[in-house]
Amino acid sequence: MITGASSGIGMAFARKLAASHDLLLVARREDRLDQLGAELSADFGAGVSVLSADLTNEEELAIVEARIANLDHLELLVNNAGFGTKGSFWEADIDGQEQMHRLHVMATVRLTHAALGKMVKRNAGGIINVAYVSAFLRVSGNASYAATKSWMTSFTEGLYLELKSSRSAVRVQALCPGFTYSEFHDVMHVDRDSLAPPLLWTKAEFVVDESLRCLARGNCM
Ligand SMILES: NC(=O)c1ccc[n+]([C@@H]2O[C@H](COP(=O)([O-])OP(=O)(O)OC[C@H]3O[C@@H](n4cnc5c(N)ncnc54)[C@H](OP(=O)(O)O)[C@@H]3O)[C@@H](O)[C@H]2O)c1
């Protein structure tokens with residue numbers, strides 16, 4: 001199951017995993033998910049279900065959570081849906097700041113909780129939480145983003161320690177990419193060239209390949 005599968009890194013996860021997995025794709029843009037699902041079914045014969053949901057909305061989040069709770073053999077949950085804002089916190093629209101916390105923090109808490117109990121019982125499965133390299137930085141102009149991504153990393157490390165002390169085979173990963181080509185900066189209305197030279201930008205496919213390689217290996221720094 002991949003959240004934020006309608007573009008960017010989430011879509012790259014879907015394309016990569018479709019060769020070997022059935023998929024449940026979540027995002028708000030249902031038309032995009034349907035189109036991707038049809039493409040992946042045709043190309044790989046994957047069984048693809050789509051679930052349109054705004055994960056900042058309590059009721060819609062509860063539907064996704066219930067869907068996870070009904071899956072007996074969820075192999076991988078990718079908490080990937082996310083967005084950024086620009087400008088100082090005190091000048092930003094407070095609704096956008098709250099939605100960011102709902103999406104990066106509360107949706108991750110709720111979906112991870114719905115998935116992890118069953119994974120631990122089966123002693124199998126994995127969860128990838130897509131954070132950001134800014135999880136390790138304190139940046140001006142993106143205070144909530146860096147804070148919520150730091151939270152994702154810290155939360156994932158805590159889960160890792162709990163799973164390790166229980167000798168569980170379930171794997172968790174905080175994925176911390178740098179600048180990645182996707183719709184992320186278009187949504188923010190930020191010019192990519194103003195952020196970093198092309199040399200520092202990565203393709204979403206590379207991020208996904210590294211993530212899955214490290215998850216399979218059990219570690220990577
Ligand atoms: N691009 C970067 O430089 C970069 C680097 C490191 C980490 N990241 C992280 O990578 C993740 C994926 O971002 P991306 O770069 O692939 O950007 P993207 O192309 O803009 O994709 C973001 C995805 O999140 C979904 N989404 C946004 N708000 C949502 C909501 N309220 N409910 C459900 N889904 C929602 C979007 O789908 P809908 O609009 O259809 O809902 C979209 O599928 C994010 O968590 C981001 O913080 C990005």
# chains A, B, ... in the order shown; residues from 1 in each chain; ligands from 1

call {"tool": "residues_around", "arguments": {"residues": "stretch 208-213 of chain A", "least_positions_apart": "5", "cutoff": "12 Å", "atoms": "only C-alpha atoms", "output": "PyMOL selection string"}}
result
chain A and resi 8-17+76+78+80+126-131+171-177+180+202-203+218-221

call {"tool": "select_by_dssp", "arguments": {"residues": "stretch 69-178 of chain A", "states": "helix (DSSP H, G or I)", "output": "PyMOL selection string"}}
result
chain A and resi 69+89-91+94-122+133-136+143-165

call {"tool": "write_last_selection", "arguments": {"atoms": "C-alpha atoms", "output": "PDB file, in the first residue's frame"}}
result
ATOM      1  CA  ALA A  69      -6.979  -3.297   9.214  1.00  0.00           C
ATOM      2  CA  PHE A  89       5.600  30.117   9.910  1.00  0.00           C
ATOM      3  CA  TRP A  90       3.872  33.202  11.291  1.00  0.00           C
ATOM      4  CA  GLU A  91       3.027  34.425   7.805  1.00  0.00           C
ATOM      5  CA  ILE A  94      -2.476  28.200   9.645  1.00  0.00           C
ATOM      6  CA  ASP A  95      -4.800  25.681   7.964  1.00  0.00           C
ATOM      7  CA  GLY A  96      -1.978  24.604   5.662  1.00  0.00           C
ATOM      8  CA  GLN A  97       0.368  24.219   8.639  1.00  0.00           C
ATOM      9  CA  GLU A  98      -2.193  22.119  10.495  1.00  0.00           C
ATOM     10  CA  GLN A  99      -2.848  19.977   7.425  1.00  0.00           C
ATOM     11  CA  MET A 100       0.865  19.321   7.090  1.00  0.00           C
ATOM     12  CA  HIS A 101       0.999  18.046  10.665  1.00  0.00           C
ATOM     13  CA  ARG A 102      -2.129  15.961  10.077  1.00  0.00           C
ATOM     14  CA  LEU A 103      -0.655  14.403   6.926  1.00  0.00           C
ATOM     15  CA  HIS A 104       2.966  13.854   7.956  1.00  0.00           C
ATOM     16  CA  VAL A 105       2.306  13.025  11.606  1.00  0.00           C
ATOM     17  CA  MET A 106      -1.245  11.849  12.307  1.00  0.00           C
ATOM     18  CA  ALA A 107      -1.807   9.913   9.071  1.00  0.00           C
ATOM     19  CA  THR A 108       1.551   8.191   9.619  1.00  0.00           C
ATOM     20  CA  VAL A 109       0.619   7.347  13.220  1.00  0.00           C
ATOM     21  CA  ARG A 110      -2.801   5.992  12.338  1.00  0.00           C
ATOM     22  CA  LEU A 111      -1.841   4.009   9.229  1.00  0.00           C
ATOM     23  CA  THR A 112       1.303   2.606  10.827  1.00  0.00           C
ATOM     24  CA  HIS A 113      -0.670   1.515  13.883  1.00  0.00           C
ATOM     25  CA  ALA A 114      -3.300  -0.152  11.702  1.00  0.00           C
ATOM     26  CA  ALA A 115      -0.618  -2.082   9.798  1.00  0.00           C
ATOM     27  CA  LEU A 116       2.053  -2.880  12.343  1.00  0.00           C
ATOM     28  CA  GLY A 117       0.153  -5.037  14.840  1.00  0.00           C
ATOM     29  CA  LYS A 118      -0.712  -7.601  12.171  1.00  0.00           C
ATOM     30  CA  MET A 119       2.779  -7.488  10.705  1.00  0.00           C
ATOM     31  CA  VAL A 120       4.303  -8.182  14.110  1.00  0.00           C
ATOM     32  CA  LYS A 121       1.919 -11.105  14.657  1.00  0.00           C
ATOM     33  CA  ARG A 122       2.904 -12.552  11.270  1.00  0.00           C
ATOM     34  CA  VAL A 133      17.040  15.089   4.357  1.00  0.00           C
ATOM     35  CA  SER A 134      15.764  18.216   6.140  1.00  0.00           C
ATOM     36  CA  ALA A 135      14.766  15.888   8.975  1.00  0.00           C
ATOM     37  CA  PHE A 136      18.364  16.438  10.105  1.00  0.00           C
ATOM     38  CA  ALA A 143       9.829  25.174  10.037  1.00  0.00           C
ATOM     39  CA  SER A 144       6.801  22.850  10.057  1.00  0.00           C
ATOM     40  CA  TYR A 145       8.131  20.768   7.189  1.00  0.00           C
ATOM     41  CA  ALA A 146      11.507  20.139   8.841  1.00  0.00           C
ATOM     42  CA  ALA A 147       9.803  19.522  12.195  1.00  0.00           C
ATOM     43  CA  THR A 148       7.289  17.006  10.860  1.00  0.00           C
ATOM     44  CA  LYS A 149       9.945  15.184   8.837  1.00  0.00           C
ATOM     45  CA  SER A 150      12.192  15.083  11.932  1.00  0.00           C
ATOM     46  CA  TRP A 151       9.259  13.597  13.792  1.00  0.00           C
ATOM     47  CA  MET A 152       8.863  10.903  11.097  1.00  0.00           C
ATOM     48  CA  THR A 153      12.521   9.971  11.418  1.00  0.00           C
ATOM     49  CA  SER A 154      12.459   9.891  15.213  1.00  0.00           C
ATOM     50  CA  PHE A 155       9.209   7.889  15.244  1.00  0.00           C
ATOM     51  CA  THR A 156      10.641   5.361  12.793  1.00  0.00           C
ATOM     52  CA  GLU A 157      13.842   4.982  14.823  1.00  0.00           C
ATOM     53  CA  GLY A 158      11.735   4.372  17.926  1.00  0.00           C
ATOM     54  CA  LEU A 159       9.730   1.691  16.122  1.00  0.00           C
ATOM     55  CA  TYR A 160      12.992   0.125  14.951  1.00  0.00           C
ATOM     56  CA  LEU A 161      14.196  -0.168  18.552  1.00  0.00           C
ATOM     57  CA  GLU A 162      10.882  -1.663  19.707  1.00  0.00           C
ATOM     58  CA  LEU A 163      10.917  -4.221  16.882  1.00  0.00           C
ATOM     59  CA  LYS A 164      14.551  -5.035  17.547  1.00  0.00           C
ATOM     60  CA  SER A 165      13.954  -5.629  21.252  1.00  0.00           C
TER      61      SER A 165
END

call {"tool": "select_by_dssp", "arguments": {"residues": "chain A", "states": "strand (DSSP E)", "output": "VMD selection string"}}
result
chain A and resid 2 to 3 23 to 27 48 to 52 76 to 79 126 to 130 171 to 175 180 to 181 202 to 203

call {"tool": "write_last_selection", "arguments": {"atoms": "N, CA and C atoms", "output": "tab-separated table (two decimals), in the first residue's frame"}}
result
chain	number	residue	atom	x	y	z
A	2	ILE	N	0.56	2.15	-0.91
A	2	ILE	CA	1.39	3.35	-1.08
A	2	ILE	C	0.50	4.59	-0.99
A	3	THR	N	0.80	5.50	-0.07
A	3	THR	CA	0.06	6.76	-0.04
A	3	THR	C	0.82	7.78	-0.91
A	23	LEU	N	-1.20	-4.11	-5.60
A	23	LEU	CA	-1.04	-2.77	-5.01
A	23	LEU	C	-2.36	-2.17	-4.56
A	24	LEU	N	-2.26	-1.40	-3.49
A	24	LEU	CA	-3.37	-0.53	-3.07
A	24	LEU	C	-2.82	0.89	-3.08
A	25	LEU	N	-3.36	1.72	-3.96
A	25	LEU	CA	-2.82	3.07	-4.18
A	25	LEU	C	-3.76	4.11	-3.59
A	26	VAL	N	-3.20	5.04	-2.83
A	26	VAL	CA	-4.00	6.06	-2.14
A	26	VAL	C	-3.50	7.45	-2.50
A	27	ALA	N	-4.41	8.36	-2.78
A	27	ALA	CA	-4.12	9.79	-2.96
A	27	ALA	C	-5.47	10.47	-3.16
A	48	VAL	N	-4.47	-4.14	-9.01
A	48	VAL	CA	-4.34	-2.79	-8.44
A	48	VAL	C	-5.69	-2.28	-7.97
A	49	SER	N	-5.76	-1.89	-6.68
A	49	SER	CA	-6.95	-1.23	-6.16
A	49	SER	C	-6.59	0.21	-5.87
A	50	VAL	N	-7.55	1.10	-6.07
A	50	VAL	CA	-7.27	2.49	-5.75
A	50	VAL	C	-8.27	2.99	-4.71
A	51	LEU	N	-7.79	3.87	-3.89
A	51	LEU	CA	-8.63	4.43	-2.83
A	51	LEU	C	-8.35	5.93	-2.80
A	52	SER	N	-9.35	6.71	-3.22
A	52	SER	CA	-9.17	8.16	-3.21
A	52	SER	C	-9.48	8.69	-1.82
A	76	LEU	N	3.85	-4.42	2.63
A	76	LEU	CA	4.59	-3.17	2.73
A	76	LEU	C	3.63	-1.98	2.78
A	77	LEU	N	3.86	-1.09	3.73
A	77	LEU	CA	3.13	0.18	3.78
A	77	LEU	C	4.13	1.30	3.53
A	78	VAL	N	3.84	2.13	2.55
A	78	VAL	CA	4.72	3.28	2.28
A	78	VAL	C	3.95	4.55	2.62
A	79	ASN	N	4.31	5.17	3.74
A	79	ASN	CA	3.70	6.45	4.14
A	79	ASN	C	4.47	7.55	3.41
A	126	GLY	N	6.89	-4.77	6.18
A	126	GLY	CA	7.76	-3.60	6.30
A	126	GLY	C	6.99	-2.30	6.16
A	127	ILE	N	7.54	-1.25	6.75
A	127	ILE	CA	6.95	0.09	6.65
A	127	ILE	C	8.04	1.08	6.27
A	128	ILE	N	7.76	1.85	5.22
A	128	ILE	CA	8.69	2.90	4.80
A	128	ILE	C	8.02	4.25	5.06
A	129	ASN	N	8.64	5.07	5.87
A	129	ASN	CA	8.13	6.41	6.13
A	129	ASN	C	9.01	7.40	5.37
A	130	VAL	N	8.39	8.10	4.42
A	130	VAL	CA	9.18	9.00	3.57
A	130	VAL	C	9.34	10.34	4.29
A	171	ARG	N	10.41	-4.91	9.27
A	171	ARG	CA	11.41	-3.86	9.03
A	171	ARG	C	10.76	-2.50	8.87
A	172	VAL	N	11.40	-1.49	9.42
A	172	VAL	CA	10.92	-0.11	9.23
A	172	VAL	C	12.07	0.72	8.67
A	173	GLN	N	11.70	1.70	7.89
A	173	GLN	CA	12.72	2.56	7.27
A	173	GLN	C	12.25	4.01	7.25
A	174	ALA	N	13.11	4.92	7.68
A	174	ALA	CA	12.88	6.35	7.46
A	174	ALA	C	13.67	6.72	6.21
A	175	LEU	N	12.96	6.98	5.15
A	175	LEU	CA	13.61	7.30	3.86
A	175	LEU	C	13.83	8.81	3.82
A	180	THR	N	14.48	15.95	-5.10
A	180	THR	CA	14.03	14.89	-6.00
A	180	THR	C	13.05	15.47	-7.02
A	181	TYR	N	13.23	15.13	-8.29
A	181	TYR	CA	12.30	15.58	-9.33
A	181	TYR	C	10.93	14.93	-9.10
A	202	THR	N	17.87	14.47	-7.77
A	202	THR	CA	17.81	13.02	-7.97
A	202	THR	C	16.50	12.66	-8.64
A	203	LYS	N	16.51	11.55	-9.37
A	203	LYS	CA	15.26	11.05	-9.95
A	203	LYS	C	14.51	10.20	-8.90

call {"tool": "closest_residue", "arguments": {"among": "A:Ala62, A:Leu40, A:Leu199, A:Leu71", "to": "A:Ser20", "atoms": "only C-alpha atoms"}}
result
A:Leu40

call {"tool": "atom_distance", "arguments": {"atom1": "atom 3 (O, counted along the ligand's line) of ligand 1", "atom2": "atom CA of A:Arg28"}}
result
19.8 Å

call {"tool": "atom_distance", "arguments": {"atom1": "atom CA of A:Asp43", "atom2": "atom CA of A:Ser7"}}
result
18.0 Å
